[in-house]
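Source file: upload_28.csv. Holds: CSV, C-alpha atoms.
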```csv
chain,number,residue,atom,x,y,z
A,280,MET,CA,-5.4,40.6,-28.1
A,281,ALA,CA,-6.0,38.0,-25.5
A,282,THR,CA,-9.3,37.8,-23.8
A,283,ALA,CA,-9.6,38.1,-20.0
A,284,THR,CA,-10.3,34.3,-19.8
A,285,THR,CA,-7.2,33.5,-21.7
A,286,ARG,CA,-5.1,35.8,-19.6
A,287,LEU,CA,-6.5,34.2,-16.4
A,288,CYS,CA,-5.8,30.7,-17.6
A,289,ALA,CA,-2.2,31.7,-18.5
A,290,PHE,CA,-1.8,33.3,-15.1
A,291,LEU,CA,-3.1,30.2,-13.3
A,292,MET,CA,-0.9,28.0,-15.3
A,293,VAL,CA,2.2,30.0,-14.4
A,294,LEU,CA,1.1,30.1,-10.8
A,295,TYR,CA,0.6,26.4,-10.8
A,296,MET,CA,4.0,25.7,-12.4
A,297,CYS,CA,5.7,28.0,-9.8
A,298,PHE,CA,4.1,26.4,-6.8
A,299,ALA,CA,3.2,22.8,-8.0
A,300,ASP,CA,5.6,21.2,-5.6
A,301,ASP,CA,4.1,23.1,-2.6
A,302,ILE,CA,0.5,22.4,-3.5
A,303,ASN,CA,-0.9,18.9,-3.0
A,304,LEU,CA,-3.6,18.9,-5.5
A,305,ILE,CA,-4.1,15.2,-5.8
A,306,HIS,CA,-4.1,12.7,-2.9
A,307,LYS,CA,-1.5,10.0,-3.5
A,308,PRO,CA,-1.6,7.0,-1.2
A,309,ASP,CA,1.7,6.1,0.5
A,310,SER,CA,1.4,2.6,-1.0
A,311,ALA,CA,-0.9,0.4,-3.1
A,312,PRO,CA,-3.9,-1.1,-1.3
A,313,VAL,CA,-3.1,-4.4,0.4
A,314,ARG,CA,-5.3,-7.5,-0.4
A,315,LEU,CA,-5.8,-9.9,2.5
A,316,PHE,CA,-6.4,-13.6,1.6
A,317,THR,CA,-7.9,-16.1,4.0
A,318,GLU,CA,-6.9,-19.7,3.7
A,319,GLU,CA,-10.2,-20.5,2.1
A,320,GLU,CA,-10.0,-17.7,-0.4
A,321,LEU,CA,-6.4,-18.7,-1.4
A,322,LYS,CA,-7.6,-22.3,-2.1
A,323,ARG,CA,-9.7,-20.9,-4.9
A,324,TYR,CA,-6.6,-20.0,-6.9
A,325,ASP,CA,-5.1,-23.4,-7.2
A,326,GLY,CA,-4.8,-23.6,-10.9
A,327,THR,CA,-7.7,-25.9,-11.5
A,328,LYS,CA,-10.0,-23.3,-13.1
A,329,ASP,CA,-9.2,-22.0,-16.6
A,330,GLY,CA,-8.9,-18.2,-16.9
A,331,GLN,CA,-8.5,-17.7,-13.2
A,332,PRO,CA,-5.2,-16.5,-11.7
A,333,ILE,CA,-2.9,-19.0,-9.9
A,334,TYR,CA,-1.7,-17.9,-6.5
A,335,MET,CA,0.8,-19.3,-4.0
A,336,ALA,CA,2.0,-17.9,-0.7
A,337,ILE,CA,5.5,-17.9,0.8
A,338,LYS,CA,6.1,-16.4,4.2
A,339,GLY,CA,2.6,-15.0,4.0
A,340,VAL,CA,3.2,-13.1,0.8
A,341,VAL,CA,0.7,-14.2,-2.0
A,342,PHE,CA,2.4,-14.3,-5.4
A,343,ASP,CA,0.6,-14.4,-8.8
A,344,VAL,CA,2.4,-17.3,-10.5
A,345,THR,CA,-0.1,-17.4,-13.4
A,346,LYS,CA,2.7,-16.7,-15.9
A,347,GLY,CA,4.4,-19.9,-14.7
A,348,LYS,CA,1.3,-22.0,-15.6
A,349,GLY,CA,3.5,-24.7,-17.1
A,350,PHE,CA,5.0,-25.2,-13.6
A,351,TYR,CA,2.1,-24.4,-11.4
A,352,GLY,CA,-1.1,-25.1,-13.4
A,353,LYS,CA,-3.4,-28.1,-13.2
A,354,GLY,CA,-1.4,-31.3,-13.5
A,355,ALA,CA,2.0,-29.4,-13.6
A,356,ALA,CA,5.0,-30.5,-11.5
A,357,TYR,CA,4.6,-27.8,-8.8
A,358,ASN,CA,0.8,-27.6,-8.7
A,359,ALA,CA,0.8,-28.9,-5.1
A,360,LEU,CA,2.4,-25.6,-4.0
A,361,VAL,CA,-0.4,-23.3,-5.2
A,362,GLY,CA,-3.6,-22.3,-3.5
A,363,ARG,CA,-1.9,-22.2,-0.1
A,364,ASP,CA,1.0,-20.9,1.9
A,365,SER,CA,3.8,-23.4,1.0
A,366,THR,CA,6.6,-21.8,3.0
A,367,ARG,CA,7.9,-25.0,4.6
A,368,ALA,CA,7.8,-26.9,1.3
A,369,VAL,CA,9.8,-24.2,-0.4
A,370,ALA,CA,12.4,-24.1,2.4
A,371,LYS,CA,12.8,-27.9,2.2
A,372,MET,CA,12.5,-28.1,-1.6
A,373,SER,CA,9.8,-30.7,-0.9
A,374,LEU,CA,6.4,-31.6,-2.4
A,375,ASP,CA,5.6,-33.9,0.5
A,376,PRO,CA,2.0,-33.0,1.5
A,377,ALA,CA,3.1,-32.8,5.2
A,378,ASP,CA,5.4,-29.9,4.2
A,379,LEU,CA,2.7,-27.8,2.3
A,380,ILE,CA,2.2,-25.5,5.3
A,381,PRO,CA,3.4,-22.1,6.4
A,382,ASP,CA,5.1,-23.3,9.6
A,383,THR,CA,8.9,-22.9,9.7
A,384,GLU,CA,9.5,-24.3,13.2
A,385,GLY,CA,12.2,-26.9,13.3
A,386,LEU,CA,13.8,-26.0,10.0
A,387,THR,CA,17.6,-26.0,9.8
A,388,ALA,CA,19.7,-22.9,9.3
A,389,ASP,CA,20.4,-24.1,5.7
A,390,GLN,CA,16.7,-24.6,5.0
A,391,LEU,CA,15.9,-21.1,6.3
A,392,ASN,CA,18.7,-19.6,4.3
A,393,SER,CA,17.5,-21.5,1.2
A,394,LEU,CA,13.9,-20.2,1.8
A,395,GLU,CA,15.2,-16.6,2.0
A,396,LYS,CA,17.2,-17.0,-1.2
A,397,VAL,CA,14.3,-18.4,-3.2
A,398,PHE,CA,11.8,-15.9,-1.7
A,399,GLU,CA,14.0,-12.9,-2.5
A,400,GLY,CA,15.9,-14.2,-5.6
A,401,THR,CA,13.1,-16.0,-7.4
A,402,TYR,CA,9.6,-15.2,-6.3
A,403,LYS,CA,10.0,-11.5,-5.5
A,404,THR,CA,11.9,-10.9,-8.8
A,405,LYS,CA,9.7,-13.1,-11.0
A,406,TYR,CA,6.1,-12.9,-9.8
A,407,PRO,CA,4.0,-9.9,-8.8
A,408,ILE,CA,2.6,-9.8,-5.3
A,409,ALA,CA,-1.2,-10.2,-5.2
A,410,GLY,CA,-1.6,-9.7,-1.5
A,411,TYR,CA,-0.9,-11.2,1.9
A,412,THR,CA,-2.3,-14.0,4.0
A,413,ALA,CA,-4.3,-13.2,7.1
A,414,ALA,CA,-1.5,-14.7,9.2
A,415,ARG,CA,0.9,-12.1,7.8
A,416,ILE,CA,-1.3,-9.0,8.3
A,417,LEU,CA,-3.2,-9.9,11.4
A,418,ASN,CA,-2.3,-10.9,15.0
A,419,PRO,CA,-3.5,-14.2,16.3
A,420,ASP,CA,-6.5,-12.4,18.0
A,421,GLY,CA,-7.5,-11.0,14.6
A,422,SER,CA,-6.5,-7.4,15.3
A,423,PRO,CA,-4.3,-5.6,12.7
A,424,ASN,CA,-0.5,-6.2,13.0
A,425,LYS,CA,0.8,-2.6,13.5
A,426,HIS,CA,4.3,-3.8,12.4
A,427,PHE,CA,3.1,-5.1,9.0
A,428,GLN,CA,4.9,-3.6,6.0
A,429,PRO,CA,4.2,-4.5,2.4
A,430,GLU,CA,7.1,-6.2,0.7
A,431,PRO,CA,9.0,-4.0,-1.8
A,432,GLN,CA,9.5,-5.5,-5.3
A,433,PRO,CA,12.2,-3.2,-6.8
A,434,GLU,CA,13.7,-6.1,-8.8
A,435,LEU,CA,10.5,-7.4,-10.3
A,436,ARG,CA,11.1,-8.4,-13.9
A,437,THR,CA,8.0,-8.9,-15.9
A,438,LYS,CA,8.5,-11.2,-18.9
A,439,ASP,CA,6.9,-14.3,-20.2
A,440,GLU,CA,8.3,-17.6,-18.8
A,441,PHE,CA,8.3,-19.3,-22.2
```

For the file at hand, write its structure as structure tokens.
Amino acid sequence: MATATTRLCAFLMVLYMCFADDINLIHKPDSAPVRLFTEEELKRYDGTKDGQPIYMAIKGVVFDVTKGKGFYGKGAAYNALVGRDSTRAVAKMSLDPADLIPDTEGLTADQLNSLEKVFEGTYKTKYPIAGYTAARILNPDGSPNKHFQPEPQPELRTKDEF
């Protein structure tokens, strides 16, 4: 014969199973927390320190490119792109120091199209988003941008580069 406690537990379990969808027992945030990077903070993740992540930003989205250390690490071919927002350089496929900036003003339609293809087809599918630059999240006066939406990454493929 079941004890009163056992019967109560069984009753509560059945009750929970019947109404679980109607009862919000655990708070679930709408999205993951968003990390904001200042220019100074982003500079710290430039691939020069062993054991520290390597970050680069494109269009104000900060990607963790650590798994591409062979490309982005200290002394690697694309190390100039990391630790900053390199939107213009990615759009122009350039490593010219003058292009290592977030500004897209004056880019051609082809360069902007190339930027979008690389952003969506390479970075968003290959590298996890670590956060966003202040310029992406905040208005010029420092107030929150009410139109900011985190970038979805439904096509993220996590596998080793090598």

Residue with smallest distance to A:Thr401 - pool A:Glu434, A:Asp375, A:Asp420, A:Asp329, counting only C-alpha atoms: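 Of A:Glu434, A:Asp375, A:Asp420, A:Asp329, the one nearest A:Thr401 is A:Glu434, counting only C-alpha atoms.
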
Option closest in space to A:Gly410, from A:Pro376, A:Gly330, A:Gly339, A:Gly349 [counting all atoms listed in the file]: A:Gly339

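Candidate residues A:Phe316, A:Ala413, A:Ala370, A:Asn418 were compared for distance to A:Glu384, and the nearest is A:Ala370, using all atoms listed in the file.
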
Residues within 10 Å of (2.9, -10.1, 10.8), counting only C-alpha atoms, listed as an MDAnalysis selection string: chainID A and resid 338:339 411:419 423:428

d(atom CA of A:Ala368, atom CA of A:Asn392) in Å: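 A separation of 13.5 Å between them.
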
Straight-line distance linking atom CA of A:Gly421 with atom CA of A:Pro381, stated in Å to one decimal: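 Those two atoms sit 17.6 Å apart.
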
Residues within 10 Å of A:Pro431, only C-alpha atoms, excluding chain neighbours under 4 positions, as a PyMOL selection string: chain A and resi 403+408+435

Grab the residues selected above and save them as an mmCIF file, in the frame of the given file with C-alpha atoms.
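part.cif was written with the following content:
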```
data_model
loop_
_atom_site.group_PDB
_atom_site.id
_atom_site.type_symbol
_atom_site.label_atom_id
_atom_site.label_comp_id
_atom_site.auth_asym_id
_atom_site.auth_seq_id
_atom_site.Cartn_x
_atom_site.Cartn_y
_atom_site.Cartn_z
ATOM 1 C CA LYS A 403 10.000 -11.500 -5.500
ATOM 2 C CA ILE A 408 2.600 -9.800 -5.300
ATOM 3 C CA LEU A 435 10.500 -7.400 -10.300
#
```

For atom CA of A:Leu394 and atom CA of A:Ile333, the interatomic separation in Å (one decimal):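 Computing it gives 20.5 Å between the two atoms.
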
Residue nearest A:Lys371 - candidates A:Glu318, A:Val397, A:Tyr351, A:Ala409, atoms counted: only C-alpha atoms: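 Looking only at the distances to A:Lys371, the closest residue turns out to be A:Val397.
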